[in-house]
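Trainee: I have a structure I would like to understand better, so I am pasting it below and will then ask my questions one at a time.
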Amino acid sequence: MSVTPVLDRIDSQLPEALERLMDLLRIPSISTDPAFKPDCARAADWLVEDLKSLGFEASARETPGHPMVVAHGGPEGGPHVLFYGHYDVQPVDPLELWDRDPFDPEVQDTPKGRVIRARGSSDDKGQLMTFVEALRAWVAEHGSLPCKLTIFFEGEEESGSPSLIPFMKENAEELQADIALICDTGLFADTVPAIITQLRGLLGEELTITAASKDLHSGMYGGAAMNPIRVLTRILASLHDDEGRITVPGFYDGVPEIGDNLKKSWEALGFDEKTFLGDVGLSELAGEEGRMALEQLWSRPTCEINGIKGGYTGDGFKTVLPSKASAKVSFRLVGDQDPQAIRENFRALVRSMLPPDCEVEFHPHGAGPAGHMNTSHPAFETARLALSEEYGRDAAYVGCGGSIPIAGYFKSILDMDAMLIGFGKDDDAIHSPNEKYDVESFHKGTRSWARILAAMTETN
Ligand SMILES: [Zn+2]
């Protein structure tokens, strides 16, 4: 079935598509705040009704938290595609930094083009509606959905997804498909369409070092008593060597070197590290020596100290020897690095550096391994070519320095490959005041999905 009339319809129906998106954006589906629970349910119901109008069998499924929207539709035979997005949004505080009501969306003209301004416009309502609008245009032109489809919209992504894993496990059979498409990411450097093929994992650890049984006076005890801040900072300072490598024993087990092809393709992206750093007032890369910026961001693991606490930090001065000092440390993980093993090795290293009279207590935070997508799945090259056609330039396989656990869950729970394609831009201000989504992103994203579905259906 031809995609051309579908693309023409997407173009001509853009104003109506924007109106529908703004309807959804008016629902304040803030998942983390119980006060908005009815609104989350309302957003789920809105999507259910919309999917039903496209011929889906759709329902909002109860969970201990907010509902999941699950829909099935489309003809048997050919590929079976699952599409994931989330309808919940981040809180809006600080409200006074918004130029308008975050839930009163508006299309605005800006020097950089037209934008839809509202909480959730980019993350993720605008993005998930690109897919829905592509399907709507397809159904209008061809009378049915392009292929067998499962839609899976979550309502707790912005609040830690507590119901996601149990729901996926309980409904594993129902959620089976040939591939999962996830639309919750961005373009590369605002202009190049991108498919994310690797995501870093994340491990968090908090440590508190205690020396004396109470805070001491530095005149009376200083010199004779151990200061836990001194111990803590010595340990933290030792976590990186002079070449920027991380010193936790066994840390690099399972860290792969990227292949020559991938390295060349990343080099070809022309990533401007001077601008990247310059935008935030920096000038020199601070990661492992001899690695280009994109490697440091996408394919190399990190150790970061995210916070330090101890002693007197108020106004004025206090000559205190504190009893305790603590720090929060996180690790971004790649390849097959094992988060639990790294946690153990980190703790052992800290213990080995403790002087007499000091004790350490650890508090674990999240631990998720890195994700790597299976680019040999034929859908990847099909989608890459379709995206390249829409944007008139080669779509890139890129990494992502952040962590998007859902991609890994599709693999580990449902044994399905996942493909991450998104149309957000770095300046969309997701999670911040004045969030926006470019009308162009919405429009081209919708067209891209139509092309991708057409290509996947044809090649199958
Ligand atoms: Zn999101």
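FYI, nothing fancy with the structure tokens labels: chains A, B, ... in order, residues from 1 per chain, ligands from 1 as they appear.
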For ligand 1, return the neighbouring residues as a list of chain:residue names (distance at most 8 Å; only C-alpha atoms and all ligand atoms).
Mentor: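 If we count only C-alpha atoms and all ligand atoms, the neighbours of ligand 1 turn out to be A:Gly85, A:His86, A:Val89, A:Asp123, A:Asp124, A:Glu157, A:Glu158, A:Asp184, A:Thr185.
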Trainee: With all heavy atoms retained, write the just-selected residues as an mmCIF file, in the first residue's frame.
Mentor:
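selection.cif written:
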data_model
loop_
_atom_site.group_PDB
_atom_site.id
_atom_site.type_symbol
_atom_site.label_atom_id
_atom_site.label_comp_id
_atom_site.auth_asym_id
_atom_site.auth_seq_id
_atom_site.Cartn_x
_atom_site.Cartn_y
_atom_site.Cartn_z
ATOM 1 N N GLY A 85 4.803 4.294 24.577
ATOM 2 C CA GLY A 85 4.999 5.700 24.964
ATOM 3 C C GLY A 85 4.425 5.869 26.357
ATOM 4 O O GLY A 85 3.879 4.921 26.934
ATOM 5 N N HIS A 86 4.552 7.069 26.932
ATOM 6 C CA HIS A 86 3.925 7.264 28.253
ATOM 7 C C HIS A 86 3.090 8.540 28.251
ATOM 8 O O HIS A 86 3.482 9.546 27.658
ATOM 9 C CB HIS A 86 4.956 7.239 29.384
ATOM 10 C CG HIS A 86 5.983 8.332 29.352
ATOM 11 N ND1 HIS A 86 5.792 9.547 29.964
ATOM 12 C CD2 HIS A 86 7.221 8.387 28.783
ATOM 13 C CE1 HIS A 86 6.869 10.303 29.794
ATOM 14 N NE2 HIS A 86 7.746 9.628 29.068
ATOM 15 N N VAL A 89 3.130 12.902 32.945
ATOM 16 C CA VAL A 89 4.082 14.006 32.792
ATOM 17 C C VAL A 89 4.724 14.332 34.137
ATOM 18 O O VAL A 89 4.261 13.905 35.191
ATOM 19 C CB VAL A 89 3.395 15.272 32.227
ATOM 20 C CG1 VAL A 89 2.795 14.994 30.869
ATOM 21 C CG2 VAL A 89 2.341 15.821 33.198
ATOM 22 N N ASP A 123 7.627 15.448 26.101
ATOM 23 C CA ASP A 123 7.837 14.244 26.925
ATOM 24 C C ASP A 123 6.561 13.873 27.656
ATOM 25 O O ASP A 123 6.309 14.379 28.732
ATOM 26 C CB ASP A 123 8.987 14.525 27.896
ATOM 27 C CG ASP A 123 9.368 13.301 28.713
ATOM 28 O OD1 ASP A 123 8.957 12.193 28.349
ATOM 29 O OD2 ASP A 123 10.061 13.459 29.721
ATOM 30 N N ASP A 124 5.708 12.995 27.172
ATOM 31 C CA ASP A 124 5.942 12.243 25.955
ATOM 32 C C ASP A 124 4.675 12.252 25.106
ATOM 33 O O ASP A 124 4.559 11.507 24.156
ATOM 34 C CB ASP A 124 6.357 10.809 26.367
ATOM 35 C CG ASP A 124 6.771 9.905 25.226
ATOM 36 O OD1 ASP A 124 7.474 10.393 24.332
ATOM 37 O OD2 ASP A 124 6.352 8.744 25.222
ATOM 38 N N GLU A 157 5.762 6.523 34.010
ATOM 39 C CA GLU A 157 7.168 6.591 33.603
ATOM 40 C C GLU A 157 7.917 7.676 34.364
ATOM 41 O O GLU A 157 9.082 7.526 34.696
ATOM 42 C CB GLU A 157 7.253 6.845 32.095
ATOM 43 C CG GLU A 157 8.600 6.470 31.482
ATOM 44 C CD GLU A 157 9.656 7.561 31.574
ATOM 45 O OE1 GLU A 157 9.300 8.745 31.820
ATOM 46 O OE2 GLU A 157 10.837 7.254 31.417
ATOM 47 N N GLU A 158 7.223 8.780 34.641
ATOM 48 C CA GLU A 158 7.890 9.904 35.311
ATOM 49 C C GLU A 158 7.938 9.716 36.825
ATOM 50 O O GLU A 158 8.394 10.596 37.545
ATOM 51 C CB GLU A 158 7.181 11.222 34.970
ATOM 52 C CG GLU A 158 7.085 11.522 33.477
ATOM 53 C CD GLU A 158 8.423 11.852 32.828
ATOM 54 O OE1 GLU A 158 9.467 11.705 33.488
ATOM 55 O OE2 GLU A 158 8.410 12.249 31.652
ATOM 56 N N ASP A 184 10.492 8.037 22.894
ATOM 57 C CA ASP A 184 10.662 8.854 24.105
ATOM 58 C C ASP A 184 12.074 9.451 24.124
ATOM 59 O O ASP A 184 12.606 9.747 25.172
ATOM 60 C CB ASP A 184 10.420 7.963 25.344
ATOM 61 C CG ASP A 184 10.190 8.777 26.607
ATOM 62 O OD1 ASP A 184 9.932 9.991 26.510
ATOM 63 O OD2 ASP A 184 10.273 8.201 27.705
ATOM 64 N N THR A 185 12.665 9.587 22.935
ATOM 65 C CA THR A 185 14.040 10.094 22.851
ATOM 66 C C THR A 185 14.083 11.242 21.835
ATOM 67 O O THR A 185 13.041 11.763 21.467
ATOM 68 C CB THR A 185 15.014 8.967 22.438
ATOM 69 O OG1 THR A 185 14.529 8.346 21.252
ATOM 70 C CG2 THR A 185 15.138 7.924 23.539
#
Trainee: Please, which residues of segment 189-377 of chain A, numbered as in this document, come out strand (DSSP E) from DSSP, as number ranges by chain?
Mentor: A: 194-199, 201-210, 216-217, 302-310, 320-321, 324-333, 359-368, 371-372
Trainee: In Å, with one decimal, what is the gap from atom CA of His142 of chain A to atom CA of Phe380 of chain A?
Mentor: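 Distance reported for this atom pair: 25.0 Å.
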Trainee: Give me the residues near segment 430-439 of chain A as a VMD selection string, where near means some atom within 9 Å (using only C-alpha atoms) and where sequence neighbours in that chain fewer than 6 positions away do not count.
Mentor: chain A and resid 18 89 to 100 102 107 112 to 124 126 to 127 423 to 424
Trainee: Atom CA of Gly368 of chain A to atom CA of Pro405 of chain A: how many Å, to one decimal?
Mentor: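 Rounded to one decimal, the two atoms are 7.3 Å apart.
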Trainee: Taking a cut-off of 8 Å and counting only C-alpha atoms, can you build a table that, for each residue of segment 327-416 of chain A near segment 244-258 of chain A, reports the nearest atom pair and how far apart they are in Å (one decimal), sorted by chain then residue number, as a tab-separated table?
Mentor:
residue	atom	partner	partner_atom	distance
A:Val334	CA	A:Val255	CA	6.1
A:Gly335	CA	A:Val255	CA	5.1
A:Asp336	CA	A:Gly254	CA	4.5
A:Gln337	CA	A:Gly254	CA	4.8
A:Asp338	CA	A:Gly254	CA	7.7
A:Ile342	CA	A:Phe251	CA	6.3
A:Asn345	CA	A:Pro249	CA	6.2
A:Phe346	CA	A:Val248	CA	5.8
A:Leu349	CA	A:Val248	CA	6.7
Trainee: Just all heavy atoms for this one: save the residues we selected as a CSV table (one decimal), in the first residue's frame.
Mentor:
chain,number,residue,atom,x,y,z
A,334,VAL,N,28.2,0.4,31.0
A,334,VAL,CA,28.1,0.1,29.6
A,334,VAL,C,28.3,-1.4,29.4
A,334,VAL,O,28.7,-2.1,30.4
A,334,VAL,CB,29.1,0.9,28.7
A,334,VAL,CG1,28.9,2.4,28.9
A,334,VAL,CG2,30.5,0.5,29.1
A,335,GLY,N,28.1,-1.9,28.2
A,335,GLY,CA,28.4,-3.3,27.8
A,335,GLY,C,27.7,-4.2,28.8
A,335,GLY,O,26.6,-4.2,29.1
A,336,ASP,N,28.5,-5.2,29.3
A,336,ASP,CA,28.0,-6.2,30.2
A,336,ASP,C,28.5,-6.0,31.6
A,336,ASP,O,28.6,-6.9,32.4
A,336,ASP,CB,28.5,-7.6,29.7
A,336,ASP,CG,27.9,-7.9,28.4
A,336,ASP,OD1,26.7,-7.7,28.2
A,336,ASP,OD2,28.6,-8.5,27.5
A,337,GLN,N,28.8,-4.8,32.0
A,337,GLN,CA,29.2,-4.5,33.4
A,337,GLN,C,28.1,-4.9,34.3
A,337,GLN,O,26.9,-4.7,34.0
A,337,GLN,CB,29.4,-3.0,33.6
A,337,GLN,CG,30.8,-2.5,33.2
A,337,GLN,CD,30.9,-1.0,33.4
A,337,GLN,OE1,30.2,-0.2,32.9
A,337,GLN,NE2,31.9,-0.6,34.2
A,338,ASP,N,28.5,-5.6,35.4
A,338,ASP,CA,27.5,-6.2,36.3
A,338,ASP,C,27.3,-5.2,37.5
A,338,ASP,O,28.2,-5.0,38.3
A,338,ASP,CB,28.0,-7.5,36.8
A,338,ASP,CG,27.1,-8.2,37.8
A,338,ASP,OD1,26.1,-7.5,38.3
A,338,ASP,OD2,27.4,-9.3,38.2
A,342,ILE,N,29.8,-4.5,40.8
A,342,ILE,CA,30.5,-3.2,41.0
A,342,ILE,C,30.1,-2.6,42.3
A,342,ILE,O,31.0,-2.1,43.0
A,342,ILE,CB,30.1,-2.3,39.8
A,342,ILE,CG1,30.8,-2.8,38.5
A,342,ILE,CG2,30.6,-0.8,40.1
A,342,ILE,CD1,30.4,-2.1,37.3
A,345,ASN,N,32.3,-4.5,44.8
A,345,ASN,CA,33.7,-4.1,44.7
A,345,ASN,C,34.0,-2.7,45.2
A,345,ASN,O,35.0,-2.4,45.8
A,345,ASN,CB,34.2,-4.2,43.2
A,345,ASN,CG,34.3,-5.7,42.8
A,345,ASN,OD1,34.3,-6.6,43.6
A,345,ASN,ND2,34.3,-5.9,41.5
A,346,PHE,N,33.0,-1.8,44.9
A,346,PHE,CA,33.1,-0.4,45.4
A,346,PHE,C,33.1,-0.4,46.9
A,346,PHE,O,34.0,0.2,47.6
A,346,PHE,CB,32.0,0.4,44.9
A,346,PHE,CG,31.9,1.8,45.5
A,346,PHE,CD1,32.8,2.8,45.2
A,346,PHE,CD2,30.8,2.0,46.4
A,346,PHE,CE1,32.7,4.0,45.8
A,346,PHE,CE2,30.7,3.3,47.0
A,346,PHE,CZ,31.6,4.3,46.7
A,349,LEU,N,36.4,-1.7,48.3
A,349,LEU,CA,37.5,-0.7,48.2
A,349,LEU,C,37.4,0.3,49.3
A,349,LEU,O,38.4,0.7,49.9
A,349,LEU,CB,37.4,0.0,46.8
A,349,LEU,CG,38.3,1.1,46.5
A,349,LEU,CD1,39.8,0.6,46.4
A,349,LEU,CD2,38.0,1.9,45.3
Trainee: Which residue gives the smallest distance to Cys183 of chain A among A:Ser29, A:Thr313, A:Thr130, A:Ser388, with only C-alpha atoms counted?
Mentor: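 Between A:Ser29, A:Thr313, A:Thr130, A:Ser388, the residue approaching Cys183 of chain A most closely is A:Thr130.
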Trainee: Compare A:Pro15, A:Gly55, A:Pro146, A:Gly399 by their minimum atom-to-atom distance to Glu458 of chain A, counting only C-alpha atoms, and give me the closest one.
Mentor: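 Using only C-alpha atoms, the shortest distance to Glu458 of chain A belongs to A:Pro146.
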